>>> print(open('data.csv').read())   # CSV, C-alpha atoms
chain,number,residue,atom,x,y,z
A,182,MET,CA,0.3,-20.3,17.1
A,183,ASN,CA,-2.0,-18.8,14.5
A,184,ALA,CA,-1.6,-15.1,15.4
A,185,PHE,CA,-2.9,-12.5,13.0
A,186,ASN,CA,0.0,-10.8,11.2
A,187,PHE,CA,-0.6,-7.1,11.6
A,188,TYR,CA,2.5,-6.4,9.4
A,189,GLU,CA,0.6,-7.8,6.4
A,190,ASP,CA,-2.4,-5.6,7.2
A,191,ALA,CA,-2.8,-2.5,5.0
A,192,ARG,CA,-4.2,-0.3,7.8
A,193,TYR,CA,-1.5,-1.3,10.3
A,194,ALA,CA,1.3,-0.9,7.6
A,195,GLU,CA,0.0,2.6,6.9
A,196,ALA,CA,0.1,3.6,10.6
A,197,TYR,CA,3.5,1.9,11.2
A,198,SER,CA,5.1,3.5,8.2
A,199,LYS,CA,4.7,7.0,9.8
A,200,LEU,CA,6.5,5.9,12.9
A,201,GLU,CA,10.1,7.2,13.4
A,202,PHE,CA,11.8,7.3,16.8
A,203,PRO,CA,9.4,8.7,19.4
A,204,GLY,CA,9.5,8.0,23.2
A,205,THR,CA,10.3,4.5,24.1
A,206,TYR,CA,11.4,3.7,20.5
A,207,TYR,CA,14.1,6.4,20.9
A,208,LEU,CA,15.8,4.2,23.5
A,209,ALA,CA,15.9,1.3,21.0
A,210,TYR,CA,18.1,3.2,18.6
A,211,ARG,CA,19.9,5.8,20.7
A,212,ASP,CA,22.9,3.7,21.5
A,213,LEU,CA,23.2,1.8,18.2
A,214,PRO,CA,25.7,4.1,16.5
A,215,GLU,CA,28.2,3.7,19.4
A,216,ILE,CA,27.5,-0.1,19.6
A,217,ILE,CA,28.1,-0.5,15.9
A,218,SER,CA,31.3,1.5,16.0
A,219,ARG,CA,32.6,-0.8,18.8
A,220,HIS,CA,31.9,-4.0,17.0
A,221,GLY,CA,31.3,-3.3,13.3
A,222,SER,CA,33.6,-3.1,10.3
A,223,GLY,CA,32.8,-2.3,6.7
A,224,LYS,CA,29.8,-0.6,5.2
A,225,ARG,CA,27.6,-3.4,3.8
A,226,ALA,CA,24.5,-3.8,5.9
A,227,LEU,CA,21.4,-6.1,5.9
A,228,ASP,CA,18.3,-4.9,7.6
A,229,PHE,CA,16.5,-8.1,8.3
A,230,GLY,CA,12.8,-7.5,8.8
A,231,CYS,CA,13.1,-4.0,7.5
A,232,GLY,CA,9.3,-3.3,7.6
A,233,ALA,CA,8.6,0.2,6.3
A,234,GLY,CA,12.3,1.0,6.1
A,235,ARG,CA,12.8,3.0,9.3
A,236,SER,CA,15.8,1.1,10.4
A,237,SER,CA,17.2,0.9,6.9
A,238,ARG,CA,17.1,4.7,6.6
A,239,PHE,CA,18.7,4.9,10.0
A,240,LEU,CA,21.6,2.7,8.8
A,241,GLN,CA,21.9,4.8,5.6
A,242,ARG,CA,22.4,7.9,7.7
A,243,LEU,CA,25.3,6.1,9.4
A,244,GLY,CA,26.9,5.7,6.1
A,245,PHE,CA,26.0,2.1,5.3
A,246,HIS,CA,25.0,0.6,1.9
A,247,VAL,CA,21.8,-1.1,3.0
A,248,THR,CA,19.7,-4.0,1.7
A,249,GLY,CA,16.3,-4.3,3.4
A,250,VAL,CA,14.4,-7.6,3.4
A,251,ASP,CA,11.0,-8.4,4.7
A,252,VAL,CA,8.1,-10.9,4.3
A,253,SER,CA,5.5,-8.2,4.3
A,254,SER,CA,4.7,-6.8,0.8
A,255,GLU,CA,2.5,-4.1,2.5
A,256,MET,CA,5.4,-2.9,4.5
A,257,LEU,CA,7.9,-3.0,1.6
A,258,GLU,CA,5.5,-0.9,-0.4
A,259,LYS,CA,5.7,1.8,2.3
A,260,ALA,CA,9.5,1.5,2.5
A,261,ARG,CA,9.9,2.0,-1.3
A,262,SER,CA,7.5,5.0,-1.3
A,263,GLN,CA,9.6,6.8,1.3
A,264,ASP,CA,13.0,5.7,-0.1
A,265,PRO,CA,12.6,5.2,-3.9
A,266,SER,CA,16.4,4.7,-4.3
A,267,GLY,CA,16.7,2.1,-1.5
A,268,ASP,CA,17.3,-1.6,-2.0
A,269,TYR,CA,14.2,-3.4,-0.6
A,270,ARG,CA,13.5,-7.0,-1.3
A,271,HIS,CA,10.6,-9.3,-0.6
A,272,ILE,CA,11.6,-12.7,0.9
A,273,GLN,CA,9.5,-15.8,1.6
A,274,ASP,CA,9.6,-16.6,5.3
A,275,GLY,CA,13.2,-15.9,6.0
A,276,ASN,CA,14.5,-17.4,2.8
A,277,LEU,CA,17.9,-15.7,2.2
A,278,THR,CA,19.3,-18.0,-0.4
A,279,GLU,CA,19.4,-15.2,-3.0
A,280,LEU,CA,22.0,-13.4,-0.9
A,281,PRO,CA,25.6,-14.6,-1.2
A,282,ALA,CA,27.7,-15.9,1.6
A,283,ALA,CA,29.7,-13.4,3.7
A,284,ALA,CA,28.1,-10.5,1.8
A,285,PHE,CA,27.4,-8.2,4.8
A,286,ASP,CA,29.5,-6.6,7.4
A,287,LEU,CA,26.5,-5.8,9.6
A,288,VAL,CA,23.1,-7.5,10.1
A,289,LEU,CA,20.5,-5.5,12.0
A,290,SER,CA,17.3,-7.1,13.1
A,291,ALA,CA,15.1,-4.6,14.9
A,292,PHE,CA,12.1,-6.3,16.6
A,293,THR,CA,11.8,-9.0,14.0
A,294,PHE,CA,12.4,-11.9,16.4
A,295,ASP,CA,9.6,-10.6,18.6
A,296,ASN,CA,7.2,-12.0,16.0
A,297,ILE,CA,8.7,-15.4,15.3
A,298,PRO,CA,6.8,-18.0,17.4
A,299,ASP,CA,8.8,-21.2,16.9
A,300,MET,CA,12.2,-21.7,18.5
A,301,GLU,CA,13.5,-24.0,15.8
A,302,HIS,CA,12.5,-21.3,13.2
A,303,LYS,CA,14.5,-18.7,15.2
A,304,ILE,CA,17.5,-21.0,15.2
A,305,GLN,CA,17.3,-21.7,11.5
A,306,LEU,CA,16.9,-18.0,10.7
A,307,LEU,CA,20.0,-17.2,12.7
A,308,LYS,CA,22.0,-19.9,10.9
A,309,ASN,CA,20.9,-18.4,7.6
A,310,LEU,CA,21.9,-14.9,8.8
A,311,SER,CA,25.3,-16.3,10.0
A,312,ARG,CA,25.9,-17.6,6.5
A,313,ILE,CA,25.6,-14.2,4.8
A,314,LEU,CA,27.6,-12.4,7.6
A,315,HIS,CA,31.2,-11.6,6.9
A,316,SER,CA,33.6,-13.4,9.3
A,317,ALA,CA,34.7,-10.0,10.8
A,318,GLY,CA,31.1,-8.7,10.9
A,319,CYS,CA,28.5,-8.6,13.6
A,320,MET,CA,24.8,-9.0,14.0
A,321,ILE,CA,22.7,-6.8,16.2
A,322,ASN,CA,19.4,-8.4,17.4
A,323,LEU,CA,17.2,-5.7,19.0
A,324,VAL,CA,14.3,-7.3,20.8
A,325,SER,CA,11.7,-6.5,23.4
A,326,SER,CA,12.6,-7.3,27.0
A,327,PRO,CA,10.2,-9.5,29.0
A,328,GLU,CA,9.6,-6.5,31.2
A,329,ILE,CA,8.0,-4.5,28.4
A,330,TYR,CA,4.9,-6.7,28.5
A,331,ILE,CA,4.1,-6.2,32.2
A,332,HIS,CA,4.7,-2.4,32.7
A,333,GLU,CA,3.5,0.9,31.4
A,334,TRP,CA,5.6,3.0,29.0
A,335,GLU,CA,5.7,6.3,27.3
A,336,SER,CA,4.9,4.6,24.0
A,337,PHE,CA,3.2,1.4,25.1
A,338,SER,CA,0.6,0.0,27.4
A,339,THR,CA,0.0,-3.5,28.8
A,340,ARG,CA,-2.5,-2.7,31.6
A,341,ASP,CA,-5.3,-4.4,29.7
A,342,PHE,CA,-3.4,-7.6,29.4
A,343,PRO,CA,-2.8,-8.9,33.0
A,344,GLU,CA,-2.4,-12.4,31.6
A,345,ASN,CA,1.0,-11.3,30.3
A,346,LYS,CA,2.3,-11.6,33.9
A,347,ASN,CA,1.9,-15.4,33.8
A,348,ALA,CA,3.6,-15.8,30.4
A,349,LYS,CA,6.6,-18.0,30.1
A,350,SER,CA,9.3,-17.9,27.4
A,351,GLY,CA,7.8,-18.8,24.1
A,352,ASP,CA,4.3,-17.8,25.1
A,353,PRO,CA,2.3,-15.1,23.2
A,354,VAL,CA,1.8,-11.7,24.9
A,355,LYS,CA,-0.1,-8.6,23.9
A,356,ILE,CA,0.9,-5.0,23.9
A,357,LEU,CA,-0.7,-1.8,22.7
A,358,ASN,CA,1.4,0.6,20.7
A,359,ARG,CA,0.4,4.2,21.6
A,360,ALA,CA,2.9,5.8,19.2
A,361,ILE,CA,0.8,4.9,16.1
A,362,GLN,CA,-2.7,5.6,14.9
A,363,ASP,CA,-4.0,2.1,15.3
A,364,SER,CA,-5.6,1.0,18.5
A,365,ARG,CA,-5.4,-2.7,18.0
A,366,PRO,CA,-3.0,-4.6,20.2
A,367,VAL,CA,-0.1,-6.6,18.7
A,368,THR,CA,0.7,-10.1,19.7
A,369,ASP,CA,4.4,-10.8,20.3
A,370,ILE,CA,6.3,-13.8,21.6
A,371,LEU,CA,8.0,-13.4,25.0
A,372,MET,CA,11.6,-14.5,25.2
A,373,THR,CA,14.0,-14.4,28.2
A,374,ASP,CA,17.7,-13.8,28.2
A,375,GLU,CA,18.2,-17.5,29.0
A,376,ALA,CA,16.0,-18.6,26.0
A,377,TYR,CA,17.8,-16.3,23.6
A,378,GLY,CA,21.2,-17.6,24.9
A,379,ASP,CA,20.1,-21.1,24.1
A,380,VAL,CA,18.9,-20.1,20.7
A,381,TYR,CA,22.2,-18.4,19.9
A,382,ARG,CA,24.2,-21.4,21.1
A,383,LYS,CA,22.2,-23.8,18.9
A,384,SER,CA,22.6,-21.5,15.9
A,385,GLY,CA,26.3,-21.2,16.3
A,386,MET,CA,26.2,-17.5,17.1
A,387,MET,CA,28.2,-16.0,20.0
A,388,ILE,CA,27.1,-13.2,22.2
A,389,VAL,CA,29.8,-10.5,22.5
A,390,GLU,CA,27.7,-7.8,24.3
A,391,ILE,CA,24.3,-7.3,25.8
A,392,CYS,CA,22.9,-3.8,26.2
A,393,LYS,CA,19.8,-2.8,28.1
A,394,PRO,CA,19.3,0.9,27.6
A,395,LEU,CA,17.8,3.1,30.3
A,396,ALA,CA,16.4,6.6,29.8
A,397,ARG,CA,17.9,9.7,31.2
A,398,ARG,CA,15.9,12.4,32.9
A,399,ASP,CA,17.3,15.1,30.7
A,400,GLU,CA,15.9,13.5,27.5
A,401,PRO,CA,12.9,15.3,25.9
A,402,PHE,CA,10.2,12.6,26.6
A,403,GLU,CA,7.7,11.9,29.4
A,404,TRP,CA,9.2,8.7,30.7
A,405,VAL,CA,7.1,6.4,32.7
A,406,ASN,CA,9.3,3.4,33.7
A,407,GLU,CA,12.1,3.8,31.1
A,408,THR,CA,14.6,5.4,33.6
A,409,VAL,CA,14.5,2.3,35.9
A,410,ILE,CA,13.5,-0.6,33.7
A,411,SER,CA,14.8,-1.3,30.2
A,412,PRO,CA,12.1,-2.0,27.6
A,413,TRP,CA,14.7,-3.3,25.1
A,414,VAL,CA,17.5,-5.8,24.9
A,415,ILE,CA,20.3,-5.3,22.3
A,416,TYR,CA,22.3,-8.5,21.6
A,417,VAL,CA,25.6,-8.1,19.7
A,418,LEU,CA,26.4,-11.4,18.0
A,419,LYS,CA,29.3,-12.8,16.0
A,420,ARG,CA,29.9,-16.0,14.1
>>> encode(input="data.csv", output="structure tokens")
Amino acid sequence: MNAFNFYEDARYAEAYSKLEFPGTYYLAYRDLPEIISRHGSGKRALDFGCGAGRSSRFLQRLGFHVTGVDVSSEMLEKARSQDPSGDYRHIQDGNLTELPAAAFDLVLSAFTFDNIPDMEHKIQLLKNLSRILHSAGCMINLVSSPEIYIHEWESFSTRDFPENKNAKSGDPVKILNRAIQDSRPVTDILMTDEAYGDVYRKSGMMIVEICKPLARRDEPFEWVNETVISPWVIYVLKR
């Protein structure tokens, strides 16, 4: 699929770099500190697909020494401007050979796998990430649930893309991010739990926990469907 890469687009990078944790995004990160404390050990973290550095700074606040890697030079420029002392590295299409084996106690991938169209590519990336993960460490793969592409949300809209309802695992789907100042929809790749389970098995990674966060009424956001349908899936993986 020859989808346009918005994350290499200067205008989109500028808008995305200003995003922190509003609305629906809040749910993606809310439970991560507790999940990490249950499964993690050590303080060396890799932020795979760090983008503009939001999740890297999040891990820094949790006390981790973070290396952020990304394929987008536009995004990395924004990350470095907001965090000049951070360790941000440009990689070529998931090439992690410059990173030593078993170097990280935690690997966080936040939304990165939403944008990888080929199943074999996903499997190879996970094998590469497994190599640099310490034997006692864990990987957290935070991805969009299939449901996010067929409902309305505080931070997202899909009403203009009814074709999403017919999409199968591996198909492209469109979604509009209302939390940023860029009205162009983004193309993601839909993946079911079953498809991810197959990818993890083939890569040699083991699922130790699956979390699907729901919103609470007492939280300071104008929830739409978030209290009854989870927009995100958080997979905790080990070697």
>>> residues_around(input="data.csv", residues="Asn347 of chain A", least_positions_apart="4", cutoff="12 Å", atoms="all atoms listed in the file", output="ChimeraX atom specification")
/A:327,330-331,342-343,351-354,371
>>> residues_around(input="data.csv", residues="Tyr381 of chain A", least_positions_apart="5", cutoff="8 Å", atoms="all atoms listed in the file", output="PyMOL selection string")
chain A and resi 304+307+386-388
>>> closest_residue(input="data.csv", among="A:Lys303, A:Arg340, A:Lys346, A:Lys355", to="Asp379 of chain A", atoms="only C-alpha atoms")
A:Lys303
>>> residues_around(input="data.csv", residues="segment 292-300 of chain A", least_positions_apart="2", cutoff="6 Å", atoms="all atoms listed in the file", output="list of chain:residue names")
A:Gly230, A:Ser290, A:His302, A:Lys303, A:Leu323, A:Val324, A:Asp369, A:Ile370
>>> closest_residue(input="data.csv", among="A:Asp341, A:Glu390, A:Asp286, A:Asp264", to="Ser236 of chain A", atoms="all atoms listed in the file")
A:Asp264
>>> atom_distance(input="data.csv", atom1="atom CA of Leu208 of chain A", atom2="atom CA of Ala284 of chain A")
29.0 Å
>>> atom_distance(input="data.csv", atom1="atom CA of Ser237 of chain A", atom2="atom CA of Val250 of chain A")
9.6 Å
>>> residues_around(input="data.csv", residues="Ile356 of chain A", least_positions_apart="6", cutoff="7 Å", atoms="all atoms listed in the file", output="PyMOL selection string")
chain A and resi 330+337-339+366-368
>>> residues_near_point(input="data.csv", point="(14.1, -3.5, 24.9)", cutoff="6 Å", atoms="all atoms listed in the file", output="list of chain:residue names")
A:Val324, A:Ser325, A:Ser326, A:Ser411, A:Pro412, A:Trp413, A:Val414
